[in-house]
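*Asks:* Take this structure first; my questions come after.
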Amino acid sequence: MQRIIKNDQVVDESWHLLPKDADLATLSNSDDVIVPLSLWLEHGHALRARDGGLGVWLDAGEEIEEIAEQLDRFQVIALNFPVFTDGRHFSTARLLRERYGYKGEVRAIGDVLRDQLFFMKRCGFDAYAVRPDRDPYDALQSLQDFSDSYQAAADQPLPLFRRRNA
Amino acid sequence: MYVYDSYDQRIVEDRVKQFRDQTRRYLAGELSDEEFRPLRLQNGLYIQRYAPMLRIAVPYGLLSSRQVRKLAQIARDYDKGYAHISTRQNVQLNWPDLEDVPDILAELATVQMHAIQTSGNCIRNTTTDQFAGVARDEVIDPRPWCELIRQWSTFHPEFAHLPRKFKIAVNGAAQDRAAIEVHDIGLEAVKNAAGELGFRVSVGGGLGRTPIVGSFINEFLPWQHLLSYLEAIIRVYNRYGRRDNKFKARIKILVKALTPEVFAERVDAEWTHLKDGPTTLDDAEVQRVAQFFVDPDYRALVDENERLEGLDREHPGFARWRSRNVVLHKKPGYAAVTLSLKPTGVAPGDVTDKQLDVIADLADRYSFGEVRNSHNQNIILADVEQQSLFDLWNELRENGFASPNIGLLTDMICCPGGDFCSLANAKSIPVAESIQRRFDNLDYLFDLGDIDLNISGCMNACGHHHVGHIGILGVDKKGQEFYQVSLGGSSARDASLGQILGPSFAQDDMPDVIGKVIDVYVERRTEEERFIDTFRRIGIDPFKERVYAANH
Ligand code: SF4
């Protein structure tokens with residue numbers, strides 16, 4: 001079983017991440033699943049009728065605006081990093097938290113390595129499926145890389161200058 | 001200059017700790033080359049042709065004498081005793097050991113310095129006018145704004161992995177010495193009719209493979225919104241900039257693909273959400289930062305024209321130096337002095353550790369303990385009393401800084417090229433030197449007047465060859481090092497990109513080629529006409545004819 005970081009702790013993973021070509025017919029009714037965006041767009045109705053938990057995942061080129069009206073249907077929104085140097089979903093996470101006020105889990109999946117974690121957390125991620133060949137306990141330490149930051153972001157509504165001058 | 005408080009200091013120290021651990025993990029094999037690469041680059045560390053190269057950030061070019069001494073010591077202890085001033089006002093070390101880099105960063109942190117975001121696909125060091133705060137034609141001192149941008153862009157969590165590098169420049173003077181129109185974002189401080197401060201915003205300028213002059217997308221951005229507007233621009237770029245092809249990944253390609261108008265609309269749509277949010281700047285913060293850039297304790301002096309002219313008559317060398325290396329200062333009785341790092345025979349922009357110590361010392365004695373690096377790879381003492389100019393000149397001569405060539409043909413911008421850089425197609429330093437040697441007659445150089453000659457060792461254009469009045473680009477021709485020449489570029493307010501003269505030349509031919517180009521100028525110029533003006537008037541053909549005629 002994969003272990004992931006959630007809310008600053010390493011926990012056992014209970015959700016199933018379905019691949020891009022996942023088929024509605026093979027879905028069990030009660031598992032907690034994170035479905036690819038295309039499956040949701042095509043079969044949203046059927047997916048909502050299931051008993052298990054529902055999440056959706058977006059590839060790096062997919063835009064959150066597509067499901068902006070439906071965010072409350074998902075307990076998890078997972079954002080995929082095809083390579084760790086692809087920074088598009090840093091913006092997506094901030095939009096989810098700061099613009100759309102999404103309160104569910106925002107999870108980083110794909111090429112997730114410890115040195116991205118601090119920034120991811122600032123952008124609004126609260127779960128990280130660290131690449132399976134890396135130790136999630138090691139990665140956990142990077143959430144403490146910096147003791148403070150200059151900018152306002154999802155984790156800190158005030159930029160440093162507003163706190164510093166307070 | 002800006003002085004860190006405990007927050008700034010802690011953030012820089014956290015970075016040292018983080019990088020120490022990243023280096024440890026890399027050396028222990030826990031991080032692959034590929035994984036370590038973006039991490040080290042965001043700390044300015046390249047793996048070069050012969051050794052690593054470490055690029056140290058000099059925010060908007062400003063250094064205290066204490067920092068200069070620290071750089072001298074680092075160059076001595078960890079390098080071969082010299083450092084290099086880059087075209088982005090930063091400082092580069094060419095021979096540090098990878099294992100030593102965390103220690104070097106720790107040393108830098110003790111003098112409020114770092115190497116954060118000096119490379120990699122992130123927001124780079126913000127640059128500005130080397131005469132900021134002292135220029136007579138200044139409208140607004142750009143330095144507080146640069147510092148505000150520095151803090152906002154430092155470890156910006158959303159923009160750590162942009163499609164490509166991202167450069168911002170700020171200008172606050174009538175003349176544009178910061179070349180803002182060839183930056184990803186160029187900001188020009190302006191005042192509106194009501195006397196309020198704002199910024200004209202240019203996007204999508206840049207050099208490299210696809211040189212483009214930027215487009216202005218906002219004619220007046222009120223200062224309060226500077227950071228949220230920057231955030232909107234870069235968010236649009238982060239989301240929609242191309243990532244499939246490294247050569248098409250700069251923001252200029254996106255702006256061009258969308259058209260500047262559509263790009264501006266996208267930015268506005270994004271900005272609507274960010275505007276008036278917590279990132280909106282307020283008076284308190286601007287004042288907190290601006291107080292670090294108030295005037296030093298200038299004395300009440302008067303201009304010393306007569307005395308200086310008297311010295312000029314007695315010492316023609318002094319007169320020459322003064323006419324090129326000394327510029328007017330906003331305060332009567334003061335002057336800004338450029339130390340030339342372009343004597344013939346030294347790689348442009350190189351300084352030794354001993355010279356750095358001397359510079360620190362001169363700064364303390366003549367210029368309130370501060371210096372500036374210029375993007376032309378020289379060093380400036382910005383606040384020198386005119387009555388000390390003669391003494392200073394003598395000291396500069398003793399230390400090799402008094403070449404009276406600022407703005408002249410031999411004051412070239414030159415990237416490290418094939419002698420150091422692993423991306424190079426060709427060497428650049430020997431070409432610079434051969435041209436300097438060819439034009440070693442000072443009277444002739446003076447007669448030629450202002451000419452920007454810029455040399456890059458490859459398409460990446462670190463030597464800004466596109467915007468040189470004369471640009472030289474190293475190219476690879478069947479495995480041989482060749483050089484392409486372009487004419488007519490300019491990075492000033494009337495920015496333009498150079499036109500390619502024609503087929504490239506072998507290294508040995510370069511001094512002759514430049515000689516012919518200059519001959520055409522001398523023959524065709526009208527009185528008082530600068531090289532660039534003659535070029536713009538007569539076009540490239542007369543130059544082409546002369547240079548290539550002799551080949552047949
Ligand atoms: S222009 Fe090319 S050769 Fe010169 S420093 Fe840049 S990358 Fe290296």
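Labels for the structure tokens follow display order: chains A, B, ..., residues from 1 in each chain, ligands from 1.
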For the strand (DSSP E) assignment from backbone DSSP, which residues of region 242-427 of chain B qualify? Please present them as a CSV table (one decimal) with C-alpha atoms, in the first residue's frame.
*Replies:*
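Full text of part34.csv as output:
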```csv
chain,number,residue,atom,x,y,z
B,326,VAL,CA,32.8,60.7,-15.1
B,327,VAL,CA,29.2,61.7,-15.3
B,328,LEU,CA,27.1,64.5,-13.9
B,334,TYR,CA,29.6,65.6,-6.8
B,335,ALA,CA,30.2,63.2,-9.7
B,336,ALA,CA,29.6,59.5,-10.5
B,337,VAL,CA,32.8,57.7,-11.6
B,338,THR,CA,32.9,54.5,-13.6
B,339,LEU,CA,35.8,52.2,-13.0
B,350,ASP,CA,37.0,40.5,-14.7
B,351,VAL,CA,38.4,41.7,-11.4
B,352,THR,CA,41.0,40.1,-9.1
B,370,GLU,CA,29.0,51.8,-1.7
B,371,VAL,CA,29.5,50.7,-5.3
B,372,ARG,CA,27.3,49.6,-8.2
B,373,ASN,CA,27.9,47.0,-10.9
B,379,ILE,CA,31.9,49.2,-11.4
B,380,ILE,CA,30.7,52.6,-10.3
B,381,LEU,CA,31.5,54.9,-7.4
B,382,ALA,CA,28.3,57.0,-7.5
B,383,ASP,CA,29.0,59.8,-5.0
B,384,VAL,CA,32.4,61.2,-5.4
B,385,GLU,CA,33.2,64.8,-4.5
B,413,ILE,CA,30.1,43.8,-23.3
B,414,CYS,CA,31.3,40.2,-23.5
```
*Asks:* Pull out every residue of chain A that has at least one atom within 7 Å of chain B, counting only C-alpha atoms, and report them as a PyMOL selection string.
*Replies:* chain A and resi 85-88+90-91+119+122-123+145-148+150-152+158-159+161
*Asks:* Which residues, written as a list in words, have at least one atom at most 8 Å from Ile359 (chain B), with only C-alpha atoms counted and residues fewer than 3 positions away on the same chain left out?
*Replies:*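 Once the adjacent positions are removed, what remains is Ser65, Val68, Gln355, Leu356, Leu362 and Ala363 of chain B.
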*Asks:* Kindly save the residues from that selection, with C-alpha atoms included, as a PDB file, in the first residue's frame.
*Replies:*
```pdb
ATOM      1  CA  SER B  65      32.227  47.918   0.715  1.00  0.00           C
ATOM      2  CA  VAL B  68      32.873  43.734  -1.826  1.00  0.00           C
ATOM      3  CA  GLN B 355      41.324  44.776  -7.005  1.00  0.00           C
ATOM      4  CA  LEU B 356      38.089  44.061  -5.176  1.00  0.00           C
ATOM      5  CA  LEU B 362      38.084  53.429  -2.530  1.00  0.00           C
ATOM      6  CA  ALA B 363      34.355  53.188  -1.880  1.00  0.00           C
TER       7      ALA B 363
END
```
*Asks:* Measure the distance from CA of Arg24 (chain B) to atom 7 (S, counted along the ligand's line) of ligand 1 in Å and round it to one decimal.
*Replies:*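 A separation of 27.5 Å between them.
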*Asks:* Let me make sure I understand: among B:Val513, B:Leu301, B:Ile85, B:Ile472, which one has the smallest atom-to-atom distance to Leu341 (chain B) if we use only C-alpha atoms?
*Replies:*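 Checking each candidate against Leu341 (chain B), we get B:Ile85 as the closest.
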*Asks:* For ligand 1, collect every residue having any atom at a distance of at most 6 Å from a ligand atom (counting only C-alpha atoms and all ligand atoms); output as an NGL selection string.
*Replies:* :B and (415-418 or 421 or 423-424 or 456-463)
*Asks:* Applying 10 Å and only C-alpha atoms, which residues near Leu39 (chain A) remain after dropping the ones on its own chain fewer than 5 positions away? List them as a ChimeraX atom specification.
*Replies:* /A:18-24,44,47,56-57
*Asks:* Enumerate as a PyMOL selection string all residues of region 213-450 of chain B assigned to helix (DSSP H, G or I) by DSSP on the backbone, naming them with the chain letters and numbers the document uses.
*Replies:* chain B and resi 223-240+246-248+251-258+260-274+283-293+305-314+316-325+353-366+386-398+417-419+429-438+442-448
*Asks:* Please identify all polymer residues within 10 Å of Gly539 (chain B), counting only C-alpha atoms, omitting same-chain residues fewer than 5 positions from it, and present them as a list in words.
*Replies:*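 Using only C-alpha atoms, the neighbours found are Leu487, Gly488, Gln499, Asp533, Thr534 and Lys544 of chain B.
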*Asks:* Go ahead and save the residues from that selection, with C-alpha atoms, as a PDB file, in the first residue's frame.
*Replies:*
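Writing the result to result_19.pdb gives the following:
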```pdb
ATOM      1  CA  LEU B 487      24.883  46.188 -36.962  1.00  0.00           C
ATOM      2  CA  GLY B 488      22.387  48.714 -35.719  1.00  0.00           C
ATOM      3  CA  GLN B 499      20.675  43.359 -38.635  1.00  0.00           C
ATOM      4  CA  ASP B 533      22.905  57.407 -36.202  1.00  0.00           C
ATOM      5  CA  THR B 534      25.051  57.038 -39.288  1.00  0.00           C
ATOM      6  CA  LYS B 544      28.135  45.018 -46.484  1.00  0.00           C
TER       7      LYS B 544
END
```
*Asks:* By how many Å are CA of Thr259 (chain B) and CA of Leu230 (chain B) apart?
*Replies:*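 According to the coordinates, CA of Thr259 (chain B) and CA of Leu230 (chain B) are separated by 18.4 Å.
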*Asks:* Could you give me, as number ranges by chain, the residues within 12 Å of Gln175 (chain B), counting only C-alpha atoms and dropping anything in the same chain fewer than 5 positions from it?
*Replies:* B: 128-132, 135-139, 170, 180, 188-189, 491-495
*Asks:* Can I get the selection written as a compact mmCIF listing (two decimals), in the first residue's frame, with all heavy atoms?
*Replies:*
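Contents of out.txt, as written:
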```txt
# COMPACT_ATOMS: atom_id res chain seq x y z
N THR B 128 18.47 47.40 -12.80
CA THR B 128 18.10 48.80 -13.04
C THR B 128 19.29 49.62 -13.48
O THR B 128 20.40 49.10 -13.66
CB THR B 128 17.43 49.40 -11.79
OG1 THR B 128 16.85 50.66 -12.15
CG2 THR B 128 18.42 49.65 -10.67
N ASP B 129 19.05 50.89 -13.61
CA ASP B 129 20.02 51.91 -13.96
C ASP B 129 21.20 51.92 -12.97
O ASP B 129 21.00 52.03 -11.76
CB ASP B 129 19.25 53.24 -13.86
CG ASP B 129 20.05 54.43 -14.31
OD1 ASP B 129 21.25 54.28 -14.60
OD2 ASP B 129 19.44 55.52 -14.36
N GLN B 130 22.40 51.87 -13.49
CA GLN B 130 23.56 51.90 -12.57
C GLN B 130 23.72 53.27 -11.91
O GLN B 130 24.44 53.40 -10.93
CB GLN B 130 24.84 51.50 -13.30
CG GLN B 130 25.33 52.44 -14.37
CD GLN B 130 24.79 52.07 -15.75
OE1 GLN B 130 23.72 51.49 -15.88
NE2 GLN B 130 25.56 52.41 -16.79
N PHE B 131 23.04 54.28 -12.44
CA PHE B 131 23.12 55.61 -11.83
C PHE B 131 21.85 55.95 -11.04
O PHE B 131 21.58 57.12 -10.76
CB PHE B 131 23.39 56.67 -12.90
CG PHE B 131 24.71 56.49 -13.59
CD1 PHE B 131 24.79 56.22 -14.94
CD2 PHE B 131 25.90 56.55 -12.86
CE1 PHE B 131 26.02 56.04 -15.57
CE2 PHE B 131 27.14 56.37 -13.48
CZ PHE B 131 27.19 56.11 -14.84
N ALA B 132 21.12 54.92 -10.65
CA ALA B 132 19.89 55.15 -9.88
C ALA B 132 20.18 55.97 -8.63
O ALA B 132 21.15 55.72 -7.92
CB ALA B 132 19.27 53.81 -9.49
N ALA B 135 21.39 60.08 -10.78
CA ALA B 135 21.37 60.61 -12.14
C ALA B 135 20.62 61.94 -12.19
O ALA B 135 19.62 62.12 -11.53
CB ALA B 135 20.71 59.61 -13.09
N ARG B 136 21.13 62.83 -13.01
CA ARG B 136 20.46 64.13 -13.15
C ARG B 136 19.14 64.02 -13.88
O ARG B 136 18.25 64.83 -13.69
CB ARG B 136 21.36 65.11 -13.90
CG ARG B 136 22.24 65.83 -12.93
CD ARG B 136 22.66 67.22 -13.36
NE ARG B 136 23.61 67.66 -12.34
CZ ARG B 136 24.51 68.61 -12.50
NH1 ARG B 136 24.55 69.27 -13.63
NH2 ARG B 136 25.33 68.94 -11.53
N ASP B 137 19.01 63.02 -14.73
CA ASP B 137 17.77 62.92 -15.51
C ASP B 137 16.76 61.98 -14.85
O ASP B 137 15.83 61.50 -15.48
CB ASP B 137 18.08 62.44 -16.93
CG ASP B 137 18.61 61.01 -16.98
OD1 ASP B 137 19.09 60.52 -15.94
OD2 ASP B 137 18.52 60.38 -18.04
N GLU B 138 16.96 61.71 -13.56
CA GLU B 138 16.07 60.76 -12.90
C GLU B 138 14.72 61.39 -12.54
O GLU B 138 14.64 62.51 -12.06
CB GLU B 138 16.74 60.23 -11.63
CG GLU B 138 15.97 59.13 -10.97
CD GLU B 138 16.84 58.35 -9.99
OE1 GLU B 138 17.59 57.48 -10.45
OE2 GLU B 138 16.78 58.65 -8.79
N VAL B 139 13.66 60.65 -12.80
CA VAL B 139 12.32 61.08 -12.42
C VAL B 139 11.98 60.47 -11.07
O VAL B 139 11.50 61.13 -10.15
CB VAL B 139 11.29 60.63 -13.48
CG1 VAL B 139 9.91 61.19 -13.15
CG2 VAL B 139 11.73 61.08 -14.87
N VAL B 170 13.78 47.75 -14.24
CA VAL B 170 13.05 48.97 -13.87
C VAL B 170 13.88 50.19 -14.26
O VAL B 170 15.08 50.24 -13.99
CB VAL B 170 12.81 49.01 -12.34
CG1 VAL B 170 11.87 50.17 -11.99
CG2 VAL B 170 12.23 47.69 -11.83
N ILE B 180 15.01 48.34 -20.54
CA ILE B 180 13.79 47.66 -20.09
C ILE B 180 13.03 46.98 -21.23
O ILE B 180 12.33 46.00 -21.01
CB ILE B 180 12.83 48.61 -19.33
CG1 ILE B 180 12.34 49.75 -20.22
CG2 ILE B 180 13.47 49.15 -18.06
CD1 ILE B 180 11.17 50.50 -19.61
N GLU B 188 8.72 51.17 -16.37
CA GLU B 188 9.22 52.53 -16.40
C GLU B 188 8.39 53.36 -15.44
O GLU B 188 7.17 53.50 -15.61
CB GLU B 188 9.11 53.10 -17.81
CG GLU B 188 9.68 54.51 -17.86
CD GLU B 188 9.48 55.17 -19.21
OE1 GLU B 188 8.86 54.58 -20.09
OE2 GLU B 188 9.96 56.31 -19.35
N ALA B 189 9.05 53.90 -14.42
CA ALA B 189 8.33 54.73 -13.46
C ALA B 189 7.95 56.05 -14.12
O ALA B 189 8.79 56.71 -14.74
CB ALA B 189 9.22 54.98 -12.24
N SER B 491 20.08 49.24 -27.09
CA SER B 491 19.28 48.89 -25.92
C SER B 491 18.76 50.13 -25.24
O SER B 491 18.16 50.06 -24.19
CB SER B 491 20.13 48.08 -24.93
OG SER B 491 21.17 48.90 -24.44
N ALA B 492 18.97 51.28 -25.84
CA ALA B 492 18.52 52.52 -25.21
C ALA B 492 17.03 52.72 -25.45
O ALA B 492 16.33 51.83 -25.90
CB ALA B 492 19.33 53.69 -25.76
N ARG B 493 16.55 53.89 -25.13
CA ARG B 493 15.12 54.16 -25.23
C ARG B 493 14.57 53.88 -26.63
O ARG B 493 13.44 53.46 -26.79
CB ARG B 493 14.86 55.62 -24.84
CG ARG B 493 13.42 56.00 -24.77
CD ARG B 493 13.28 57.34 -24.11
NE ARG B 493 13.43 57.28 -22.67
CZ ARG B 493 12.48 56.87 -21.83
NH1 ARG B 493 11.33 56.46 -22.29
NH2 ARG B 493 12.69 56.85 -20.54
N ASP B 494 15.41 54.10 -27.62
CA ASP B 494 14.99 53.81 -29.00
C ASP B 494 15.43 52.40 -29.37
O ASP B 494 16.00 52.16 -30.42
CB ASP B 494 15.65 54.82 -29.95
CG ASP B 494 17.18 54.85 -29.75
OD1 ASP B 494 17.67 54.18 -28.81
OD2 ASP B 494 17.89 55.52 -30.52
N ALA B 495 15.16 51.43 -28.49
CA ALA B 495 15.69 50.08 -28.66
C ALA B 495 15.45 49.53 -30.06
O ALA B 495 14.39 49.73 -30.65
CB ALA B 495 15.07 49.15 -27.63
```
*Asks:* For Ala319 (chain B), which residue out of B:Leu389, B:Val520, B:Cys122, B:Leu98 is the nearest one, using only C-alpha atoms?
*Replies:*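 For Ala319 (chain B), the nearest of the candidates is B:Leu389.
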*Asks:* Taking into account only C-alpha atoms, which residue in the set A:Leu37, A:Val11, A:Ile77, A:Leu140 is nearest to Gly61 (chain A)?
*Replies:*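 Result for the nearest residue to Gly61 (chain A): A:Leu37.
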*Asks:* When you draw a straight line from CA of Gly61 (chain B) to CA of His375 (chain B), how long is it in Å?
*Replies:*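 Computing the Euclidean distance for CA of Gly61 (chain B) and CA of His375 (chain B) yields 8.2 Å.
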*Asks:* List the spatial neighbours of Gly53 (chain A) as a VMD selection string - criterion: any atom at most 7 Å away, only C-alpha atoms, same-chain residues fewer than 6 positions off excluded.
*Replies:* chain A and resid 31 to 33 75
